[in-house]
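Just upload-v4.cif here, mmCIF, C-alpha atoms:
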```cif
data_work
loop_
_atom_site.label_atom_id
_atom_site.label_comp_id
_atom_site.auth_asym_id
_atom_site.auth_seq_id
_atom_site.Cartn_x
_atom_site.Cartn_y
_atom_site.Cartn_z
CA MET A 893 -62.30 -43.70 46.26
CA ASN A 894 -59.17 -45.39 44.95
CA ALA A 895 -55.84 -43.62 44.63
CA PRO A 896 -55.59 -43.31 40.81
CA LEU A 897 -59.10 -41.84 40.61
CA ARG A 898 -58.31 -39.44 43.44
CA ARG A 899 -55.13 -38.37 41.64
CA LEU A 900 -57.04 -37.91 38.40
CA LEU A 901 -59.67 -35.74 40.12
CA ALA A 902 -56.97 -33.69 41.86
CA SER A 903 -55.19 -33.21 38.53
CA LEU A 904 -58.42 -32.12 36.86
CA ALA A 905 -59.15 -29.68 39.68
CA LEU A 906 -55.66 -28.19 39.43
CA ALA A 907 -55.87 -27.96 35.64
CA GLY A 908 -59.24 -26.24 35.99
CA LEU A 909 -57.87 -23.69 38.42
CA PHE A 910 -54.90 -23.00 36.13
CA ALA A 911 -57.23 -22.65 33.16
CA LEU A 912 -59.51 -20.29 35.10
CA SER A 913 -56.67 -18.05 36.22
CA SER A 914 -55.12 -18.05 32.71
CA ALA A 915 -58.49 -17.36 31.14
CA SER A 916 -59.08 -14.41 33.46
CA LEU A 917 -55.79 -12.91 32.28
CA VAL A 918 -56.57 -13.48 28.62
CA VAL A 919 -60.10 -12.13 28.95
CA SER A 920 -58.80 -9.04 30.71
CA ALA A 921 -56.24 -8.53 27.96
CA GLN A 922 -58.81 -8.92 25.21
CA ALA A 923 -61.54 -6.92 26.92
CA ASP A 924 -60.91 -4.05 24.48
CA ASP A 925 -62.37 -6.09 21.64
CA VAL A 926 -65.27 -7.55 23.57
CA ASP A 927 -67.18 -4.81 25.33
CA PRO A 928 -66.44 -1.21 24.30
CA ASP A 929 -68.64 0.29 27.02
CA ALA A 930 -66.95 -1.66 29.75
CA VAL A 931 -63.57 -0.71 28.36
CA GLU A 932 -64.57 2.93 28.22
CA ASP A 933 -65.44 2.82 31.91
CA ARG A 934 -62.20 1.04 32.69
CA ASP A 935 -60.16 3.44 30.60
CA ASP A 936 -61.91 6.38 32.25
CA ALA A 937 -61.02 4.96 35.63
CA ALA A 938 -57.42 4.46 34.58
CA THR A 939 -57.13 7.71 32.62
CA SER A 940 -58.57 9.77 35.45
CA ARG A 941 -55.53 8.78 37.51
CA SER A 942 -52.97 8.67 34.74
CA ALA A 943 -49.88 10.68 35.51
CA THR A 944 -46.99 11.95 33.46
CA PHE A 945 -43.69 12.40 35.25
CA GLN A 946 -41.80 15.42 33.99
CA ALA A 947 -38.28 16.56 34.76
CA VAL A 948 -37.34 19.85 36.40
CA SER A 949 -33.89 21.33 36.86
CA GLY A 950 -32.64 22.97 40.04
CA ALA A 951 -33.81 22.78 43.64
CA GLN A 952 -37.55 23.28 44.32
CA GLN A 953 -39.36 24.47 47.44
CA GLU A 954 -41.50 21.65 48.86
CA ASP A 955 -44.43 21.75 51.32
CA VAL A 956 -43.78 18.27 52.72
CA PRO A 957 -40.03 17.63 52.78
CA GLY A 958 -39.39 14.68 50.46
CA GLY A 959 -35.78 14.08 51.54
CA PRO A 960 -36.51 12.32 54.85
CA LEU A 961 -39.26 10.24 53.22
CA LEU A 962 -36.88 9.20 50.45
CA VAL A 963 -34.13 8.30 52.94
CA ALA A 964 -36.64 6.34 55.03
CA ALA A 965 -37.84 4.42 51.95
CA TYR A 966 -34.40 3.46 50.70
CA GLY A 967 -33.23 2.76 54.24
CA THR A 968 -36.17 0.39 54.67
CA VAL A 969 -35.33 -1.47 51.47
CA LEU A 970 -31.68 -1.78 52.52
CA ALA A 971 -32.57 -2.88 56.06
CA LEU A 972 -35.10 -5.48 54.92
CA VAL A 973 -32.87 -7.02 52.25
CA LEU A 974 -29.74 -7.03 54.42
CA GLY A 975 -31.74 -8.29 57.40
CA TYR A 976 -33.09 -11.14 55.32
CA VAL A 977 -29.61 -12.02 54.06
CA VAL A 978 -28.38 -12.15 57.68
CA TYR A 979 -31.38 -14.32 58.57
CA LEU A 980 -30.52 -16.66 55.70
CA GLY A 981 -26.96 -16.82 57.01
CA SER A 982 -28.18 -17.81 60.48
CA LEU A 983 -30.53 -20.41 58.99
CA THR A 984 -27.64 -21.84 56.97
CA SER A 985 -25.32 -22.13 59.94
CA GLY A 986 -28.10 -23.61 62.11
CA ALA A 987 -29.07 -26.21 59.52
CA SER A 988 -25.43 -27.03 58.84
CA ARG A 989 -24.75 -27.52 62.56
CA ASP A 990 -27.79 -29.78 63.02
CA LEU A 991 -26.87 -31.78 59.94
CA ASP A 992 -23.29 -32.34 61.12
CA ARG A 993 -24.45 -33.38 64.60
CA LEU A 994 -26.99 -35.85 63.28
CA GLU A 995 -24.71 -37.30 60.64
CA LYS A 996 -21.92 -37.82 63.17
CA ALA A 997 -24.31 -39.44 65.64
CA LEU A 998 -25.82 -41.73 63.02
CA GLU A 999 -22.42 -42.56 61.56
CA ALA A 1000 -21.13 -43.53 65.02
CA ARG A 1001 -24.06 -45.91 65.35
CA LYS A 1002 -23.99 -47.19 61.76
CA PRO A 1003 -20.52 -46.95 60.16
CA ASP A 1004 -21.92 -47.34 56.66
CA PHE A 1005 -24.55 -44.63 57.22
CA ARG A 1006 -22.82 -41.85 55.27
CA LYS A 1007 -22.32 -44.05 52.25
CA SER A 1008 -25.92 -45.23 52.20
CA ALA A 1009 -27.31 -41.76 52.88
CA ARG A 1010 -25.39 -40.28 49.98
CA GLY A 1011 -26.42 -43.11 47.75
CA ASP A 1012 -30.20 -42.96 47.82
CA GLY A 1013 -31.08 -40.02 50.08
CA ALA A 1014 -32.83 -40.73 53.35
CA SER A 1015 -35.02 -37.66 52.94
CA GLU A 1016 -36.50 -38.98 49.74
CA ALA A 1017 -37.25 -42.32 51.37
CA VAL A 1018 -38.96 -40.58 54.25
CA SER A 1019 -40.95 -38.29 51.96
CA LYS A 1020 -42.08 -41.22 49.87
CA GLU A 1021 -43.17 -43.05 53.00
CA SER A 1022 -45.08 -40.03 54.26
CA ALA A 1023 -46.72 -39.63 50.87
CA LYS A 1024 -47.81 -43.25 50.99
CA ASP A 1025 -49.20 -42.78 54.46
CA ALA A 1026 -51.12 -39.71 53.30
CA MET B 1408 -50.50 -40.74 36.15
CA SER B 1409 -46.79 -41.27 35.67
CA VAL B 1410 -44.31 -38.65 36.80
CA ARG B 1411 -43.06 -38.29 33.26
CA LEU B 1412 -46.54 -37.56 31.92
CA ALA B 1413 -47.20 -35.13 34.76
CA SER B 1414 -43.92 -33.34 33.98
CA ALA B 1415 -44.82 -33.16 30.30
CA LEU B 1416 -48.25 -31.69 31.10
CA LEU B 1417 -46.67 -29.14 33.40
CA TRP B 1418 -44.21 -28.15 30.68
CA ILE B 1419 -47.08 -27.75 28.21
CA ALA B 1420 -49.14 -25.66 30.67
CA LEU B 1421 -46.22 -23.37 31.46
CA GLY B 1422 -45.30 -23.14 27.79
CA ALA B 1423 -48.88 -22.14 26.97
CA ILE B 1424 -48.84 -19.44 29.63
CA PHE B 1425 -45.51 -18.22 28.27
CA ALA B 1426 -46.84 -18.22 24.69
CA ILE B 1427 -49.97 -16.28 25.69
CA GLY B 1428 -47.75 -13.75 27.40
CA MET B 1429 -45.55 -13.37 24.34
CA VAL B 1430 -48.56 -12.93 22.04
CA SER B 1431 -50.16 -10.29 24.21
CA MET B 1432 -46.86 -8.62 24.97
CA ALA B 1433 -48.22 -5.14 24.29
CA GLY B 1434 -51.12 -5.57 26.72
CA HIS B 1435 -51.30 -5.59 30.50
CA ALA B 1436 -51.57 -9.37 30.58
CA GLY B 1437 -48.26 -9.69 28.74
CA ARG B 1438 -46.41 -7.78 31.40
CA PHE B 1439 -47.86 -10.07 34.04
CA VAL B 1440 -47.80 -13.40 32.24
CA VAL B 1441 -44.28 -13.27 30.77
CA PRO B 1442 -42.48 -13.21 34.13
CA VAL B 1443 -44.92 -15.81 35.46
CA GLY B 1444 -44.10 -18.19 32.60
CA PHE B 1445 -40.39 -17.41 32.83
CA PHE B 1446 -40.16 -18.09 36.53
CA GLY B 1447 -42.45 -21.09 36.25
CA LEU B 1448 -39.98 -22.64 33.86
CA GLY B 1449 -37.09 -21.63 36.12
CA ALA B 1450 -38.80 -23.20 39.10
CA PHE B 1451 -39.42 -26.37 37.16
CA LEU B 1452 -35.77 -26.57 36.10
CA LEU B 1453 -34.63 -25.89 39.66
CA THR B 1454 -36.71 -28.69 41.11
CA ARG B 1455 -35.96 -31.09 38.28
CA LYS B 1456 -32.34 -31.33 39.33
CA ASN B 1457 -31.25 -34.11 41.64
CA ASP B 1458 -30.95 -33.59 45.35
CA PRO B 1459 -28.70 -30.73 46.44
CA PRO B 1460 -25.52 -31.60 48.36
CA LEU B 1461 -26.09 -33.06 51.79
CA ARG B 1462 -24.22 -30.15 53.29
CA VAL B 1463 -24.78 -26.41 53.01
CA GLY B 1464 -22.28 -25.35 50.37
CA PRO B 1465 -20.13 -25.09 48.47
CA VAL B 1466 -22.19 -22.44 46.74
CA PRO B 1467 -22.73 -23.32 43.06
CA VAL B 1468 -20.83 -21.13 40.60
CA PRO B 1469 -23.99 -19.79 38.84
CA HIS B 1470 -25.30 -18.77 42.27
CA THR B 1471 -22.12 -16.83 42.99
CA ILE B 1472 -22.25 -15.20 39.54
CA LEU B 1473 -25.86 -14.18 40.12
CA GLY B 1474 -24.85 -12.68 43.47
CA ALA B 1475 -22.05 -10.69 41.85
CA ILE B 1476 -24.39 -9.47 39.10
CA THR B 1477 -26.90 -8.36 41.75
CA ILE B 1478 -24.25 -6.33 43.60
CA VAL B 1479 -23.09 -4.65 40.36
CA LEU B 1480 -26.69 -3.92 39.40
CA SER B 1481 -27.37 -2.40 42.84
CA VAL B 1482 -24.55 0.09 42.37
CA ALA B 1483 -25.66 0.84 38.79
CA SER B 1484 -29.26 1.26 39.92
CA LEU B 1485 -28.40 3.71 42.71
CA TYR B 1486 -26.20 5.66 40.29
CA THR B 1487 -28.94 5.98 37.66
CA ILE B 1488 -31.56 6.88 40.28
CA PHE B 1489 -29.64 9.52 42.19
CA VAL B 1490 -27.23 10.86 39.54
CA MET B 1491 -28.82 10.35 36.11
CA ALA B 1492 -32.59 10.47 36.67
CA PRO B 1493 -34.00 14.01 36.98
CA VAL B 1494 -36.16 15.29 39.83
CA GLU B 1495 -39.90 15.12 39.07
CA LEU B 1496 -41.77 18.41 38.56
CA GLN B 1497 -44.82 17.89 40.82
CA MET B 1498 -43.60 15.59 43.58
CA GLY B 1499 -39.94 16.51 43.78
CA ILE B 1500 -37.25 14.16 45.01
CA VAL B 1501 -39.65 11.74 46.74
CA GLN B 1502 -40.72 10.46 43.30
CA LYS B 1503 -37.41 8.56 43.23
CA ILE B 1504 -39.07 5.99 45.50
CA PHE B 1505 -40.82 4.92 42.28
CA TYR B 1506 -37.63 3.24 40.96
CA PHE B 1507 -37.59 0.70 43.82
CA HIS B 1508 -41.30 0.62 44.66
CA VAL B 1509 -42.54 -0.62 41.27
CA PRO B 1510 -39.81 -3.27 40.75
CA SER B 1511 -40.46 -4.47 44.32
CA ALA B 1512 -44.11 -5.02 43.42
CA TYR B 1513 -42.99 -6.95 40.35
CA ALA B 1514 -40.60 -9.04 42.47
CA MET B 1515 -43.48 -9.69 44.87
CA TYR B 1516 -45.57 -11.07 42.01
CA VAL B 1517 -42.70 -13.30 40.89
CA ALA B 1518 -42.07 -14.68 44.39
CA PHE B 1519 -45.74 -15.33 45.12
CA VAL B 1520 -46.27 -16.98 41.74
CA THR B 1521 -43.23 -19.18 42.43
CA SER B 1522 -44.74 -20.10 45.78
CA ALA B 1523 -48.12 -20.82 44.19
CA VAL B 1524 -46.56 -23.02 41.49
CA GLY B 1525 -44.56 -24.87 44.15
CA SER B 1526 -47.70 -25.27 46.29
CA ALA B 1527 -49.83 -26.53 43.40
CA VAL B 1528 -47.29 -29.09 42.25
CA TYR B 1529 -46.64 -30.21 45.82
CA LEU B 1530 -50.38 -30.82 46.30
CA TRP B 1531 -50.30 -32.83 43.12
CA ARG B 1532 -47.10 -34.82 43.44
CA ARG B 1533 -46.21 -34.64 47.15
CA ASP B 1534 -42.61 -33.98 46.22
CA GLU B 1535 -40.53 -32.28 48.93
CA ARG B 1536 -38.60 -30.23 46.38
CA TRP B 1537 -41.73 -28.37 45.30
CA ASP B 1538 -42.65 -27.81 48.93
CA ALA B 1539 -39.22 -26.23 49.45
CA LEU B 1540 -39.88 -23.98 46.46
CA ALA B 1541 -43.28 -22.97 47.85
CA VAL B 1542 -41.76 -22.08 51.23
CA SER B 1543 -38.94 -20.12 49.55
CA GLY B 1544 -41.28 -18.13 47.32
CA ALA B 1545 -43.67 -17.29 50.16
CA GLU B 1546 -40.91 -16.11 52.47
CA VAL B 1547 -39.06 -14.04 49.86
CA GLY B 1548 -42.37 -12.64 48.58
CA LEU B 1549 -43.13 -11.44 52.09
CA ILE B 1550 -39.92 -9.36 52.10
CA PHE B 1551 -40.95 -7.67 48.85
CA VAL B 1552 -44.55 -7.08 49.92
CA MET B 1553 -43.16 -5.41 53.05
CA ILE B 1554 -40.97 -3.21 50.86
CA VAL B 1555 -44.00 -2.30 48.72
CA LEU B 1556 -46.23 -1.61 51.72
CA ILE B 1557 -43.62 0.55 53.46
CA THR B 1558 -42.18 2.52 50.53
CA GLY B 1559 -45.66 3.14 49.05
CA PRO B 1560 -47.08 4.95 52.09
CA LEU B 1561 -43.87 6.99 52.45
CA TRP B 1562 -44.35 8.17 48.88
CA ALA B 1563 -48.09 8.66 49.45
CA ARG B 1564 -47.41 10.99 52.38
CA LYS B 1565 -45.95 13.45 49.92
CA ALA B 1566 -48.11 12.65 46.87
CA TRP B 1567 -51.52 12.24 48.53
CA GLY B 1568 -50.94 13.98 51.84
CA THR B 1569 -51.61 10.80 53.80
CA TYR B 1570 -49.71 7.59 54.50
CA TRP B 1571 -52.58 5.20 53.81
CA THR B 1572 -55.98 5.08 52.15
CA TRP B 1573 -58.18 2.06 51.53
CA ASP B 1574 -57.51 2.28 47.81
CA PRO B 1575 -58.32 -1.00 45.95
CA ARG B 1576 -54.72 -1.70 45.01
CA LEU B 1577 -53.38 -0.95 48.46
CA THR B 1578 -56.07 -3.05 50.09
CA THR B 1579 -55.64 -6.05 47.80
CA THR B 1580 -51.85 -5.91 48.19
CA LEU B 1581 -52.28 -5.87 51.96
CA LEU B 1582 -54.62 -8.85 51.69
CA ALA B 1583 -52.09 -10.79 49.59
CA GLY B 1584 -49.42 -9.97 52.17
CA MET B 1585 -51.67 -11.29 54.95
CA ILE B 1586 -52.30 -14.54 53.05
CA TYR B 1587 -48.57 -15.17 52.79
CA VAL B 1588 -48.01 -14.09 56.40
CA ALA B 1589 -50.48 -16.86 57.29
CA PHE B 1590 -48.57 -19.27 55.05
CA ASN B 1591 -45.26 -18.45 56.74
CA VAL B 1592 -46.71 -18.56 60.25
CA LEU B 1593 -48.26 -21.95 59.51
CA ARG B 1594 -44.98 -23.31 58.22
CA GLY B 1595 -42.95 -21.65 60.95
CA LEU B 1596 -44.76 -23.33 63.83
CA GLY B 1597 -42.26 -26.08 64.56
CA GLN B 1598 -41.79 -28.94 62.12
CA ALA B 1599 -44.68 -28.92 59.68
CA GLY B 1600 -46.43 -32.24 59.27
CA GLU B 1601 -48.10 -33.45 56.09
CA ALA B 1602 -51.44 -31.82 57.00
CA GLU B 1603 -49.83 -28.42 57.69
CA LYS B 1604 -47.89 -28.65 54.44
CA ARG B 1605 -51.01 -29.41 52.46
CA PHE B 1606 -53.02 -26.66 54.14
CA ALA B 1607 -50.22 -24.12 53.58
CA SER B 1608 -49.95 -25.24 49.95
CA ALA B 1609 -53.65 -24.63 49.43
CA LEU B 1610 -53.21 -21.19 50.99
CA GLY B 1611 -50.24 -20.50 48.72
CA PHE B 1612 -52.27 -21.44 45.68
CA LEU B 1613 -55.17 -19.28 46.87
CA GLY B 1614 -52.77 -16.33 46.91
CA LEU B 1615 -52.17 -16.82 43.18
CA LEU B 1616 -55.82 -16.18 42.44
CA LEU B 1617 -55.55 -12.84 44.22
CA LEU B 1618 -52.61 -11.58 42.14
CA PRO B 1619 -54.63 -10.72 39.00
CA VAL B 1620 -57.09 -8.90 41.26
CA ILE B 1621 -54.24 -6.75 42.60
CA HIS B 1622 -52.92 -6.15 39.11
CA TYR B 1623 -56.22 -5.12 37.54
CA SER B 1624 -57.75 -3.40 40.59
CA VAL B 1625 -56.15 -0.14 39.55
CA GLN B 1626 -58.02 -0.25 36.23
CA ARG B 1627 -61.30 -1.83 37.31
CA TRP B 1628 -62.07 0.24 40.38
CA ARG B 1629 -61.63 3.91 41.04
CA GLY B 1630 -59.02 4.83 43.57
CA GLN B 1631 -56.03 7.05 44.16
CA HIS B 1632 -53.20 4.83 43.02
CA PRO B 1633 -51.63 6.33 39.86
CA THR B 1634 -51.30 4.45 36.58
CA VAL B 1635 -48.03 5.55 35.07
CA ILE B 1636 -46.95 2.66 32.86
CA THR B 1637 -50.18 1.94 30.97
CA ARG B 1638 -51.63 2.33 27.51
CA ALA B 1639 -54.38 4.48 28.99
CA GLY B 1640 -52.09 7.41 29.54
CA GLY B 1641 -49.27 8.74 31.65
CA GLY B 1642 -45.66 7.90 31.09
CA ILE B 1643 -42.26 8.93 32.32
CA HIS B 1644 -39.68 11.39 31.08
CA PRO B 1645 -37.13 9.66 28.77
CA ASP B 1646 -34.31 10.47 31.21
CA MET B 1647 -36.12 8.45 33.89
CA VAL B 1648 -36.33 5.28 31.79
CA PRO B 1649 -32.80 3.88 32.43
CA ALA B 1650 -33.28 4.05 36.22
CA LEU B 1651 -36.57 2.14 35.98
CA VAL B 1652 -35.24 -0.47 33.55
CA ILE B 1653 -32.15 -1.15 35.68
CA GLY B 1654 -34.43 -1.30 38.73
CA PHE B 1655 -36.49 -4.04 37.09
CA VAL B 1656 -33.36 -6.00 36.10
CA LEU B 1657 -31.92 -5.59 39.60
CA PHE B 1658 -35.05 -6.83 41.34
CA THR B 1659 -35.37 -9.74 38.92
CA ALA B 1660 -31.84 -10.84 39.82
CA LEU B 1661 -32.45 -10.18 43.52
CA VAL B 1662 -35.67 -12.18 43.77
CA ALA B 1663 -34.13 -15.08 41.83
CA LEU B 1664 -31.05 -15.03 44.07
CA LEU B 1665 -33.03 -14.92 47.31
CA ILE B 1666 -35.44 -17.67 46.24
CA TRP B 1667 -32.56 -19.86 45.13
CA SER B 1668 -30.67 -19.31 48.40
CA ARG B 1669 -33.74 -20.00 50.52
CA TYR B 1670 -34.56 -23.08 48.46
CA ARG B 1671 -31.11 -24.57 49.11
CA ILE B 1672 -31.46 -23.97 52.84
CA GLU B 1673 -34.96 -25.47 52.91
CA ARG B 1674 -33.68 -28.61 51.20
CA VAL B 1675 -31.00 -28.96 53.87
CA LYS B 1676 -33.64 -28.44 56.58
CA GLN B 1677 -35.71 -31.21 54.99
CA ARG B 1678 -32.61 -33.40 55.12
CA VAL B 1679 -32.15 -32.58 58.83
CA ILE B 1680 -35.77 -33.51 59.55
CA ALA B 1681 -35.34 -36.80 57.66
CA LEU B 1682 -32.21 -37.61 59.66
CA GLU B 1683 -33.95 -36.74 62.93
CA LEU B 1684 -36.70 -39.19 62.02
CA GLU B 1685 -34.10 -41.79 61.20
CA ALA B 1686 -32.30 -41.13 64.48
CA ALA B 1687 -35.58 -41.34 66.38
CA GLU B 1688 -36.42 -44.65 64.72
CA SER B 1689 -33.05 -46.08 65.69
CA GLY B 1690 -33.44 -44.84 69.27
CA LEU B 1691 -30.51 -42.48 69.00
CA LEU B 1692 -32.37 -39.40 70.20
CA GLU B 1693 -33.48 -41.21 73.36
CA GLU B 1694 -29.86 -42.15 74.08
CA GLU B 1695 -28.74 -38.55 73.47
CA GLY B 1696 -31.47 -37.29 75.81
CA ALA B 1697 -30.54 -39.77 78.52
CA SER B 1698 -26.81 -38.93 78.29
CA SER B 1699 -27.47 -35.18 78.46
#
```
Represent the structure from my file as structure tokens, please.
Amino acid sequence: MNAPLRRLLASLALAGLFALSSASLVVSAQADDVDPDAVEDRDDAATSRSATFQAVSGAQQEDVPGGPLLVAAYGTVLALVLGYVVYLGSLTSGASRDLDRLEKALEARKPDFRKSARGDGASEAVSKESAKDA
Amino acid sequence: MSVRLASALLWIALGAIFAIGMVSMAGHAGRFVVPVGFFGLGAFLLTRKNDPPLRVGPVPVPHTILGAITIVLSVASLYTIFVMAPVELQMGIVQKIFYFHVPSAYAMYVAFVTSAVGSAVYLWRRDERWDALAVSGAEVGLIFVMIVLITGPLWARKAWGTYWTWDPRLTTTLLAGMIYVAFNVLRGLGQAGEAEKRFASALGFLGLLLLPVIHYSVQRWRGQHPTVITRAGGGIHPDMVPALVIGFVLFTALVALLIWSRYRIERVKQRVIALELEAAESGLLEEEGASS
């Protein structure tokens, strides 16, 4: 199978998947107009668990203490987000260090390396080559 | 197919999704499709730009502004949650988990859709920028799915009396999380080759098909997960609305900021890999190894 045909088939497959996933959303949204019985079942399922949050003033006695659970939940969010930011920082410094080392080494070997690398981007050349190989 | 034509088709597809979302704004699909279209367009704009700088930094000004907005929104969100929003009648103070739990689920959708869009376009065009976007979305999405799957059970302990049940929404969310864990593990095993990238991209796109299942599972199948923000019933006290709205805005900014940051780093990592290949081709790495 030649490359243009393969690309065309891949494009059609992707477009089909997009269309299917979009259609499922649209059909779900319009289900109210299509099948009243099905919608009734769905609404029953949803309504049976529907909840209304109401406000209360003053402290309330609780069976399961909510305070520790709340602190644990917000602590988890804080820890995960801050932990990920720290991880991103370490990734940044690692990548920066590797990049500097490689650029210095390549520049020492080829004095005009930096200029050429900034001009057309070695990564793009490599990615194009790998795409051709694939 | 030329790149220009492919770009135009992508624009049209994303525009159509966005338009469908706008039309059905009042329905469930609208709430899901609008952010998908919005972030699809954002992802497209992000990857359309030329290569990022060869070095990490300086941080672009819009990135810094987004970071500052996120910090301000965090403070505002905590203030509205713990000072302005009232305590809920039935569940008490633990209901305040709701203001971070629901926006986290929304941020999870956004990140996974970003990853799926990146994966799909990478499979199509083999462009490293889209691969970087797919990796960024999958990794950031994993953080938010962890938040959802940890805060949810903590809330459930009080609301349902148990940390976990095999409710359809909980189960499908766990399954989505596992798909993206697989994606990240696959991409984290050393330097991913073309085959690993393609396989991970297919996995990332598969995850997209699961997202509507998660979203509609709560309506289609009976379970314990409550439906608060639906047309079918429920609702929240008017004093609780500002905390939820600010929560959504905060998590939108946060997910965009984290994906953007991770994308920039991934592009630099791709640059490092390209240079290592170049160094290997010129025999530099062998010389370095011999000297060390």
* **Gap from atom CA of His1508 of chain B to atom CA of His1632 of chain B - Å, one decimal** => 12.7 Å
* Asked: Skipping near chain neighbours, those fewer than 2 positions away, what residues fall within 12 Å of Ala1563 of chain B using only C-alpha atoms, listed as an NGL selection string?
  -> (:A and (956 or 958 or 961-962 or 965)) or (:B and (1498 or 1501-1502 or 1504-1505 or 1508 or 1555-1561 or 1565-1572 or 1574 or 1577 or 1631-1633))
* To do: Taking the file above as input, evaluate the PyMOL selection byres ((chain B and resi 1613) around 12) and report the hits as a ChimeraX atom specification.
  => /A:906,909-910,913 /B:1519-1520,1522-1524,1526-1527,1582-1583,1585-1587,1589-1590,1606-1612,1614-1620
Those same residues, written as a compact mmCIF listing (two decimals), in the frame of the given file with C-alpha atoms?
```
# COMPACT_ATOMS: atom_id res chain seq x y z
CA LEU A 906 -55.66 -28.19 39.43
CA LEU A 909 -57.87 -23.69 38.42
CA PHE A 910 -54.90 -23.00 36.13
CA SER A 913 -56.67 -18.05 36.22
CA PHE B 1519 -45.74 -15.33 45.12
CA VAL B 1520 -46.27 -16.98 41.74
CA SER B 1522 -44.74 -20.10 45.78
CA ALA B 1523 -48.12 -20.82 44.19
CA VAL B 1524 -46.56 -23.02 41.49
CA SER B 1526 -47.70 -25.27 46.29
CA ALA B 1527 -49.83 -26.53 43.40
CA LEU B 1582 -54.62 -8.85 51.69
CA ALA B 1583 -52.09 -10.79 49.59
CA MET B 1585 -51.67 -11.29 54.95
CA ILE B 1586 -52.30 -14.54 53.05
CA TYR B 1587 -48.57 -15.17 52.79
CA ALA B 1589 -50.48 -16.86 57.29
CA PHE B 1590 -48.57 -19.27 55.05
CA PHE B 1606 -53.02 -26.66 54.14
CA ALA B 1607 -50.22 -24.12 53.58
CA SER B 1608 -49.95 -25.24 49.95
CA ALA B 1609 -53.65 -24.63 49.43
CA LEU B 1610 -53.21 -21.19 50.99
CA GLY B 1611 -50.24 -20.50 48.72
CA PHE B 1612 -52.27 -21.44 45.68
CA GLY B 1614 -52.77 -16.33 46.91
CA LEU B 1615 -52.17 -16.82 43.18
CA LEU B 1616 -55.82 -16.18 42.44
CA LEU B 1617 -55.55 -12.84 44.22
CA LEU B 1618 -52.61 -11.58 42.14
CA PRO B 1619 -54.63 -10.72 39.00
CA VAL B 1620 -57.09 -8.90 41.26
```
Once you add 8 Å to each side, what are the centre and edge lengths of the axis-aligned box holding all listed atoms of segment 959-972 of chain A? One decimal in Å, as lines of an AutoDock Vina configuration file, if you can.
```
center_x = -35.5
center_y = 4.3
center_z = 53.3
size_x = 23.6
size_y = 35.6
size_z = 21.6
```
Tell me, as a short mmCIF file (atom, residue, chain, number, x, y, z; two decimals) with C-alpha atoms, in the coordinates of the input, which residues lie within 9 Å of segment 969-978 of chain A, counting all atoms listed in the file; anything in the same chain fewer than 3 positions away does not count.
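To be explicit, this is the file written out as selection17.cif:
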```cif
data_model
loop_
_atom_site.label_atom_id
_atom_site.label_comp_id
_atom_site.auth_asym_id
_atom_site.auth_seq_id
_atom_site.Cartn_x
_atom_site.Cartn_y
_atom_site.Cartn_z
CA ALA A 964 -36.64 6.34 55.03
CA ALA A 965 -37.84 4.42 51.95
CA TYR A 966 -34.40 3.46 50.70
CA GLY A 981 -26.96 -16.82 57.01
CA SER A 982 -28.18 -17.81 60.48
CA LEU A 983 -30.53 -20.41 58.99
CA PHE B 1507 -37.59 0.70 43.82
CA VAL B 1547 -39.06 -14.04 49.86
CA ILE B 1550 -39.92 -9.36 52.10
CA PHE B 1551 -40.95 -7.67 48.85
CA MET B 1553 -43.16 -5.41 53.05
CA ILE B 1554 -40.97 -3.21 50.86
CA ILE B 1557 -43.62 0.55 53.46
CA THR B 1558 -42.18 2.52 50.53
CA LEU B 1665 -33.03 -14.92 47.31
#
```
* May I ask for the distance between atom CA of Arg989 of chain A and atom CA of Thr1521 of chain B, given in Å to one decimal place? =>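 Atom-to-atom, atom CA of Arg989 of chain A to atom CA of Thr1521 of chain B, that is 28.6 Å.
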* Which is closer to Leu980 of chain A than all the others in B:Gln1677, B:Thr1580, B:Ser1668, B:Ser1543, using all atoms listed in the file? ->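 For Leu980 of chain A, the nearest of the candidates is B:Ser1668.
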* Expressed in Å to a single decimal, how great is the separation between atom CA of Trp1531 of chain B and atom CA of Ala1514 of chain B? -> 25.7 Å
* To do: Counting only C-alpha atoms, select every polymer residue within 8 Å of (-27.3, -44.5, 65.8) as defined in the file's coordinates, and provide the selection as a list in words.
  =>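 The distance filter leaves exactly Ala997, Leu998, Glu999, Ala1000, Arg1001 and Lys1002 of chain A; Ala1686, Ser1689, Gly1690 and Leu1691 of chain B.
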* Among the residues B:Leu1684, B:Ile1672, B:Leu1651, B:Ala1663, the one that comes closest to Thr1487 of chain B [using only C-alpha atoms] -> B:Leu1651
